[in-house]
Structure formats: C-alpha cells, structure tokens
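Raw contents of structure-v4.txt, compact mmCIF, C-alpha atoms and all ligand atoms:
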```txt
# COMPACT_ATOMS: atom_id res chain seq x y z
CA MET U 1 0.00 0.00 0.00
CA GLY U 2 1.21 3.48 -0.80
CA PRO U 3 2.11 6.18 1.68
CA ALA U 4 -0.51 7.61 3.96
CA PRO U 5 -2.52 10.36 2.26
CA ASN U 6 -2.06 13.89 3.25
CA LEU U 7 -4.57 14.70 5.95
CA ARG U 8 -2.06 17.18 7.15
CA SER U 9 -3.72 18.57 10.21
CA VAL U 10 -3.90 15.11 11.69
CA THR U 11 -0.67 13.55 10.59
CA ALA U 12 1.65 16.48 11.01
CA ALA U 13 0.28 18.11 14.11
CA GLN U 14 -0.27 14.91 16.03
CA LYS U 15 2.30 12.56 14.72
CA PRO U 16 2.95 10.10 17.53
CA ALA U 17 6.36 10.11 19.05
CA VAL U 18 8.62 7.23 18.23
CA PRO U 19 8.77 4.95 21.23
CA ALA U 20 11.32 5.61 23.33
CA LYS U 21 14.78 6.03 24.35
CA PRO U 22 14.93 6.71 28.06
CA ALA U 23 15.80 10.30 28.80
CA ALA U 24 19.28 10.90 30.05
CA ALA U 25 19.48 10.75 33.82
CA PRO U 26 19.32 14.21 35.34
CA VAL U 27 22.43 15.46 37.06
CA LYS U 28 21.79 15.33 40.77
CA PRO U 29 22.60 18.43 42.80
CA ALA U 30 25.26 17.60 45.38
CA ALA U 31 23.47 17.93 48.68
CA ALA U 32 19.86 18.03 47.61
CA ALA U 33 17.19 15.65 48.68
CA PRO U 34 16.67 12.89 46.14
CA ALA U 35 14.60 14.29 43.33
CA ALA U 36 11.65 12.36 42.05
CA GLU U 37 12.35 10.51 38.86
CA PRO U 38 10.94 12.38 35.88
CA ALA U 39 7.72 10.95 34.53
CA ALA U 40 8.52 8.38 31.89
CA PRO U 41 7.62 10.04 28.58
CA THR U 42 8.63 6.90 26.82
CA ASP U 43 6.07 4.60 28.35
CA PRO U 44 4.78 2.59 25.38
CA ALA U 45 1.24 2.87 26.71
CA GLU U 46 1.47 6.64 26.32
CA SER U 47 2.30 6.25 22.64
CA ILE U 48 -0.59 3.87 22.14
CA VAL U 49 -2.93 6.55 23.44
CA LYS U 50 -1.59 9.09 20.93
CA VAL U 51 -2.08 6.65 18.09
CA LEU U 52 -5.58 5.81 19.31
CA GLN U 53 -6.46 9.51 19.49
CA ASN U 54 -5.25 10.08 15.93
CA LEU U 55 -7.10 6.97 14.84
CA PHE U 56 -10.27 8.30 16.48
CA ILE U 57 -9.98 11.69 14.75
CA THR U 58 -9.40 10.14 11.34
CA ALA U 59 -12.15 7.57 11.87
CA TYR U 60 -14.54 10.36 12.82
CA GLY U 61 -13.49 12.14 9.62
CA ALA U 62 -14.19 8.98 7.61
CA TYR U 63 -17.59 8.74 9.28
CA TYR U 64 -18.57 12.28 8.35
CA ILE U 65 -17.14 12.05 4.84
CA ALA U 66 -19.15 8.89 4.18
CA GLN U 67 -22.31 10.36 5.67
CA THR U 68 -22.12 13.59 3.68
CA ALA U 69 -21.41 11.55 0.54
CA HIS U 70 -24.56 9.56 1.32
CA TRP U 71 -26.47 12.84 1.39
CA HIS U 72 -24.75 14.74 -1.42
CA VAL U 73 -24.24 12.15 -4.14
CA THR U 74 -26.25 12.72 -7.32
CA GLY U 75 -26.59 11.11 -10.73
CA ALA U 76 -27.91 8.03 -12.47
CA GLN U 77 -26.32 5.73 -9.88
CA PHE U 78 -27.74 7.62 -6.93
CA ASN U 79 -29.43 4.64 -5.29
CA GLU U 80 -26.33 2.45 -5.50
CA PHE U 81 -24.01 5.07 -4.02
CA HIS U 82 -26.51 6.34 -1.47
CA SER U 83 -26.68 2.77 -0.20
CA TYR U 84 -22.90 2.20 -0.39
CA PHE U 85 -22.07 5.30 1.63
CA GLY U 86 -24.91 4.51 4.02
CA ASP U 87 -23.31 1.16 4.82
CA GLU U 88 -19.91 2.80 5.21
CA TYR U 89 -20.99 5.50 7.65
CA GLY U 90 -22.93 2.89 9.61
CA TYR U 91 -19.69 0.97 10.06
CA TRP U 92 -17.89 4.07 11.34
CA ALA U 93 -20.69 5.03 13.70
CA ASP U 94 -20.06 1.77 15.52
CA LYS U 95 -16.30 1.80 15.18
CA ILE U 96 -15.63 5.28 16.54
CA ASP U 97 -17.42 4.20 19.70
CA VAL U 98 -15.13 1.17 20.03
CA ILE U 99 -12.01 3.30 19.50
CA ALA U 100 -13.23 5.89 22.01
CA GLU U 101 -13.81 3.19 24.60
CA HIS U 102 -10.29 1.87 24.07
CA ILE U 103 -9.02 5.39 24.75
CA ARG U 104 -11.04 5.50 27.98
CA THR U 105 -9.57 2.17 29.11
CA HIS U 106 -6.24 4.03 29.02
CA LYS U 107 -7.86 6.68 31.26
CA GLN U 108 -7.66 9.35 28.57
CA PHE U 109 -10.39 11.51 27.08
CA LEU U 110 -11.85 12.43 23.70
CA PRO U 111 -12.37 15.84 22.08
CA ASN U 112 -15.28 17.28 24.04
CA SER U 113 -16.88 19.26 21.24
CA LEU U 114 -17.27 18.99 17.48
CA SER U 115 -15.50 22.32 17.05
CA GLU U 116 -12.45 20.94 18.84
CA LEU U 117 -12.53 17.85 16.65
CA ALA U 118 -12.99 19.90 13.48
CA THR U 119 -9.76 21.82 14.04
CA LYS U 120 -7.90 18.56 13.48
CA LEU U 121 -9.55 17.67 10.16
CA PRO U 122 -9.29 19.24 6.69
CA ARG U 123 -12.00 21.30 5.01
CA HIS U 124 -13.54 20.01 1.78
CA GLU U 125 -15.41 21.63 -1.08
CA LEU U 126 -18.88 20.39 -1.85
CA ILE U 127 -18.87 17.73 -4.58
CA ASN U 128 -21.62 15.43 -5.84
CA ASP U 129 -19.91 13.08 -8.25
CA PRO U 130 -19.93 9.50 -6.93
CA ILE U 131 -16.43 8.66 -8.13
CA GLN U 132 -14.93 11.84 -6.69
CA LEU U 133 -16.74 11.28 -3.42
CA THR U 134 -15.41 7.74 -3.26
CA ALA U 135 -11.88 8.93 -4.04
CA ARG U 136 -12.12 11.43 -1.18
CA TYR U 137 -13.37 8.73 1.15
CA LEU U 138 -10.58 6.39 0.04
CA LYS U 139 -7.97 8.89 1.27
CA TYR U 140 -9.45 8.67 4.75
CA LEU U 141 -9.47 4.89 4.58
CA ARG U 142 -5.77 4.88 3.74
CA THR U 143 -4.96 7.21 6.60
CA VAL U 144 -6.96 5.05 8.96
CA GLU U 145 -5.06 2.03 7.69
CA ALA U 146 -1.74 3.75 8.44
CA TYR U 147 -2.83 4.48 12.00
CA VAL U 148 -4.08 0.91 12.44
CA THR U 149 -0.68 -0.40 11.38
CA LYS U 150 0.99 1.98 13.81
CA LEU U 151 -1.39 0.96 16.59
CA ASN U 152 -0.52 -2.67 16.02
CA ASN U 153 3.20 -1.92 16.23
CA TYR U 154 2.92 0.05 19.46
CA ALA U 155 0.50 -2.41 21.01
CA GLU U 156 2.74 -5.36 20.18
CA ALA U 157 5.71 -3.56 21.73
CA ALA U 158 3.73 -2.82 24.89
CA LYS U 159 2.01 -6.24 24.96
CA GLN U 160 -1.42 -4.58 25.12
CA ALA U 161 -3.63 -7.48 24.05
CA ALA U 162 -6.87 -5.52 23.73
CA ASP U 163 -5.27 -2.93 21.47
CA ILE U 164 -3.60 -5.66 19.40
CA ASP U 165 -7.06 -7.20 18.94
CA LEU U 166 -8.56 -3.88 17.86
CA ALA U 167 -5.74 -3.30 15.37
CA GLY U 168 -6.13 -6.79 13.91
CA GLU U 169 -9.89 -6.49 13.61
CA MET U 170 -9.70 -3.07 11.99
CA ALA U 171 -6.87 -4.11 9.66
CA ARG U 172 -9.13 -6.77 8.15
CA GLU U 173 -12.13 -4.44 7.92
CA ILE U 174 -10.20 -1.53 6.41
CA LYS U 175 -8.48 -3.76 3.88
CA LYS U 176 -11.88 -4.83 2.61
CA ALA U 177 -13.21 -1.26 2.62
CA ILE U 178 -10.18 -0.08 0.61
CA TRP U 179 -10.65 -2.92 -1.86
CA LYS U 180 -14.27 -1.87 -2.41
CA ALA U 181 -13.43 1.83 -2.79
CA GLU U 182 -10.54 1.10 -5.14
CA ALA U 183 -12.82 -1.05 -7.28
CA ILE U 184 -15.08 1.98 -7.71
CA VAL U 185 -12.36 4.56 -8.24
CA GLY U 186 -10.19 2.36 -10.44
CA ASP U 187 -7.11 3.24 -8.41
CA GLN U 188 -5.81 -0.15 -7.52
CA THR U 189 -2.20 -0.62 -6.70
CA ALA U 190 -0.38 -3.00 -8.98
CA PRO U 191 -0.38 -6.63 -7.89
CA ALA U 192 2.90 -8.11 -6.84
CA ALA U 193 4.85 -9.55 -9.74
FE FE K 201 -29.86 8.12 5.20
```
Let me see the structure of the file written as structure tokens.
Amino acid sequence: MGPAPNLRSVTAAQKPAVPAKPAAAPVKPAAAAPAAEPAAPTDPAESIVKVLQNLFITAYGAYYIAQTAHWHVTGAQFNEFHSYFGDEYGYWADKIDVIAEHIRTHKQFLPNSLSELATKLPRHELINDPIQLTARYLKYLRTVEAYVTKLNNYAEAAKQAADIDLAGEMAREIKKAIWKAEAIVGDQTAPAA
C-alpha cells in the first residue's frame, strides 16, 4: 500500500512520538534531597494513546465524509451510491465508539466538542460526483489504515492485548473497505509480480 494520504492537520500536528529512548538521567545536585524521577515520557502505553487519538480523529473524519457523501451524491447511480455510503458511515458510527472506549480504558479523554474535533480535520469543497466522493473517502481509509498499522506496532511492543485485537480487527475491515473503494475509483495498486 502506498504512503498515507495527506490529511495534514492530523498527521503532522499529532504525529505520535517514536517509542522511546529513556531520557538521560538528570544530574543530581550535590546535597539536595533525592529528586523524584521524571515521569517516563517513553512509556509505550502513552504512545498507544496518541495513536488511538489520531485513529479516532481520522475515523470520525471517515464517518462524516461517508455520511455527507450519502447525502450529497447525485446522478444516475444515486441509489447504488446512497446505499454504499450509508453502509460505510454505519460501520464508522459503531467503530468510533469502540475506538473511544479503548481510549477510555487508558484513562484518557476524547475531544469534548465537534469544534475541537474539526480543528484537526481538513476542510472540503462540496462535490456530488460519486467517483470523486469515493476517491475522497478512500484517502481517509488509507490514513486510517496507516494508524491501524501503527497501533498494532505500538500495542505489540507494549504487549497490550486488547489494542492488538482492535488493530487486527480493523486491519481486516479496512483492507476490505479499501478494496471496495478502489474497485469503484479504479485506483488499484499493482499486484505483486
Ligand atoms: Fe440516510
């Protein structure tokens, strides 16, 4: 699969930190009381949360993109695409809840308003063409796939079984969703030789 698409406000602003070299030990003042150890910024669980939060934002974007496509699509194939995007946003409505609950199991929180969430997602012009709408949606799917891969890597490193399960489940689902969208758009990557 090609590189992650450019949903810049998500990928650049919130790119998860690479897990973790321990910070250099602080120099202890000669006669001071023992200082508390600095909080471990390199805890793998902390990186998993960042990936989950980016996954949530992108998944929410995919949800809204699919739902607006369901509403905005026009043309001779309206019924087919209205139904296709309806199925897709239904999937995301369930999945963003699952991702959010994973974030809560790590005792972290979600954006508390749509305006906060919207600052992390790109703006889009209104379009109605079913192929263009699918191509736009496909970019979100590919970004989600990149975060799912990253989640799997971090979760494996931290031995977080529940997050590994989520990554595996979503990897299968997103692969199928990308296959379907690519079949519509005609933008399939070349098969291996
Ligand atoms: Fe509807």
Within 10 Å of ligand FE 201 (chain K), which residues of chain U show up? Give each one with its shortest atom-to-atom distance in Å (one decimal) and the two atoms involved, counting only C-alpha atoms and all ligand atoms, rows by chain then rising residue number, as CSV.
```
residue,atom,partner,partner_atom,distance
U:Gln67,CA,K:FE201,FE,7.9
U:Thr68,CA,K:FE201,FE,9.6
U:His70,CA,K:FE201,FE,6.7
U:Trp71,CA,K:FE201,FE,6.9
U:His82,CA,K:FE201,FE,7.7
U:Ser83,CA,K:FE201,FE,8.2
U:Phe85,CA,K:FE201,FE,9.0
U:Gly86,CA,K:FE201,FE,6.2
U:Asp87,CA,K:FE201,FE,9.6
U:Tyr89,CA,K:FE201,FE,9.6
U:Gly90,CA,K:FE201,FE,9.7
```
To test the calculation: enclose all listed atoms of stretch 171-182 of chain U in a box whose edges run along x, y and z, add 5 Å on each side, then state centre and edge lengths in Å to one decimal, as lines of an AutoDock Vina configuration file.
```
center_x = -10.6
center_y = -2.5
center_z = 2.3
size_x = 17.4
size_y = 18.6
size_z = 24.8
```
Subject >> Exercise: U:Val98 partners within 12 Å, only C-alpha atoms, chain neighbours under 4 positions left out, as a ChimeraX atom specification >> reply: /U:52,55-56,59-60,91-94,102-105,162-163,165-167,169-170
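Atom to atom, atom CA of U:Lys120 and atom CA of U:Tyr140 stand 13.3 Å apart.
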Original post:
Leaving out stretch 150-155 of chain U and any residue of its chain fewer than 4 positions from it, which residues lie within 8 Å of it when counting all atoms listed in the file, given as an NGL selection string?
Top reply: :U and (19 or 44-45 or 47-48 or 51-52 or 146 or 159-161 or 163-164 or 167-168)
Residues from last step as file, C-alpha atoms, as a PDB file, keeping the file's coordinate frame:
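Below you can see again.pdb, which holds the result:
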```
ATOM      1  CA  PRO U  19       8.770   4.950  21.230  1.00  0.00           C
ATOM      2  CA  PRO U  44       4.780   2.590  25.380  1.00  0.00           C
ATOM      3  CA  ALA U  45       1.240   2.870  26.710  1.00  0.00           C
ATOM      4  CA  SER U  47       2.300   6.250  22.640  1.00  0.00           C
ATOM      5  CA  ILE U  48      -0.590   3.870  22.140  1.00  0.00           C
ATOM      6  CA  VAL U  51      -2.080   6.650  18.090  1.00  0.00           C
ATOM      7  CA  LEU U  52      -5.580   5.810  19.310  1.00  0.00           C
ATOM      8  CA  ALA U 146      -1.740   3.750   8.440  1.00  0.00           C
ATOM      9  CA  LYS U 159       2.010  -6.240  24.960  1.00  0.00           C
ATOM     10  CA  GLN U 160      -1.420  -4.580  25.120  1.00  0.00           C
ATOM     11  CA  ALA U 161      -3.630  -7.480  24.050  1.00  0.00           C
ATOM     12  CA  ASP U 163      -5.270  -2.930  21.470  1.00  0.00           C
ATOM     13  CA  ILE U 164      -3.600  -5.660  19.400  1.00  0.00           C
ATOM     14  CA  ALA U 167      -5.740  -3.300  15.370  1.00  0.00           C
ATOM     15  CA  GLY U 168      -6.130  -6.790  13.910  1.00  0.00           C
TER      16      GLY U 168
END
```
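Nearest residue to U:Asp97 among U:Ile184, U:Leu126, U:Tyr63, U:Arg142 is U:Tyr63, counting all atoms listed in the file.
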**OP:** Might you pull out every residue within 12 Å of U:Ala118, with only C-alpha atoms counted and same-chain residues fewer than 3 positions away left off, and present them as a ChimeraX atom specification?
**Re:** /U:9-10,57-58,60-61,64,111-115,121-124
Could you save the residues just selected, with C-alpha atoms, as a compact mmCIF listing (two decimals), in the frame of the given file?
```txt
# COMPACT_ATOMS: atom_id res chain seq x y z
CA SER U 9 -3.72 18.57 10.21
CA VAL U 10 -3.90 15.11 11.69
CA ILE U 57 -9.98 11.69 14.75
CA THR U 58 -9.40 10.14 11.34
CA TYR U 60 -14.54 10.36 12.82
CA GLY U 61 -13.49 12.14 9.62
CA TYR U 64 -18.57 12.28 8.35
CA PRO U 111 -12.37 15.84 22.08
CA ASN U 112 -15.28 17.28 24.04
CA SER U 113 -16.88 19.26 21.24
CA LEU U 114 -17.27 18.99 17.48
CA SER U 115 -15.50 22.32 17.05
CA LEU U 121 -9.55 17.67 10.16
CA PRO U 122 -9.29 19.24 6.69
CA ARG U 123 -12.00 21.30 5.01
CA HIS U 124 -13.54 20.01 1.78
```
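Separating atom CA of U:Thr143 from atom CA of U:Phe81 is a distance of 21.9 Å.
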**OP:** Between atom CA of U:Ile178 and atom CA of U:Ala76, measure the distance and give it in Å to one decimal.
**Re:** 23.5 Å
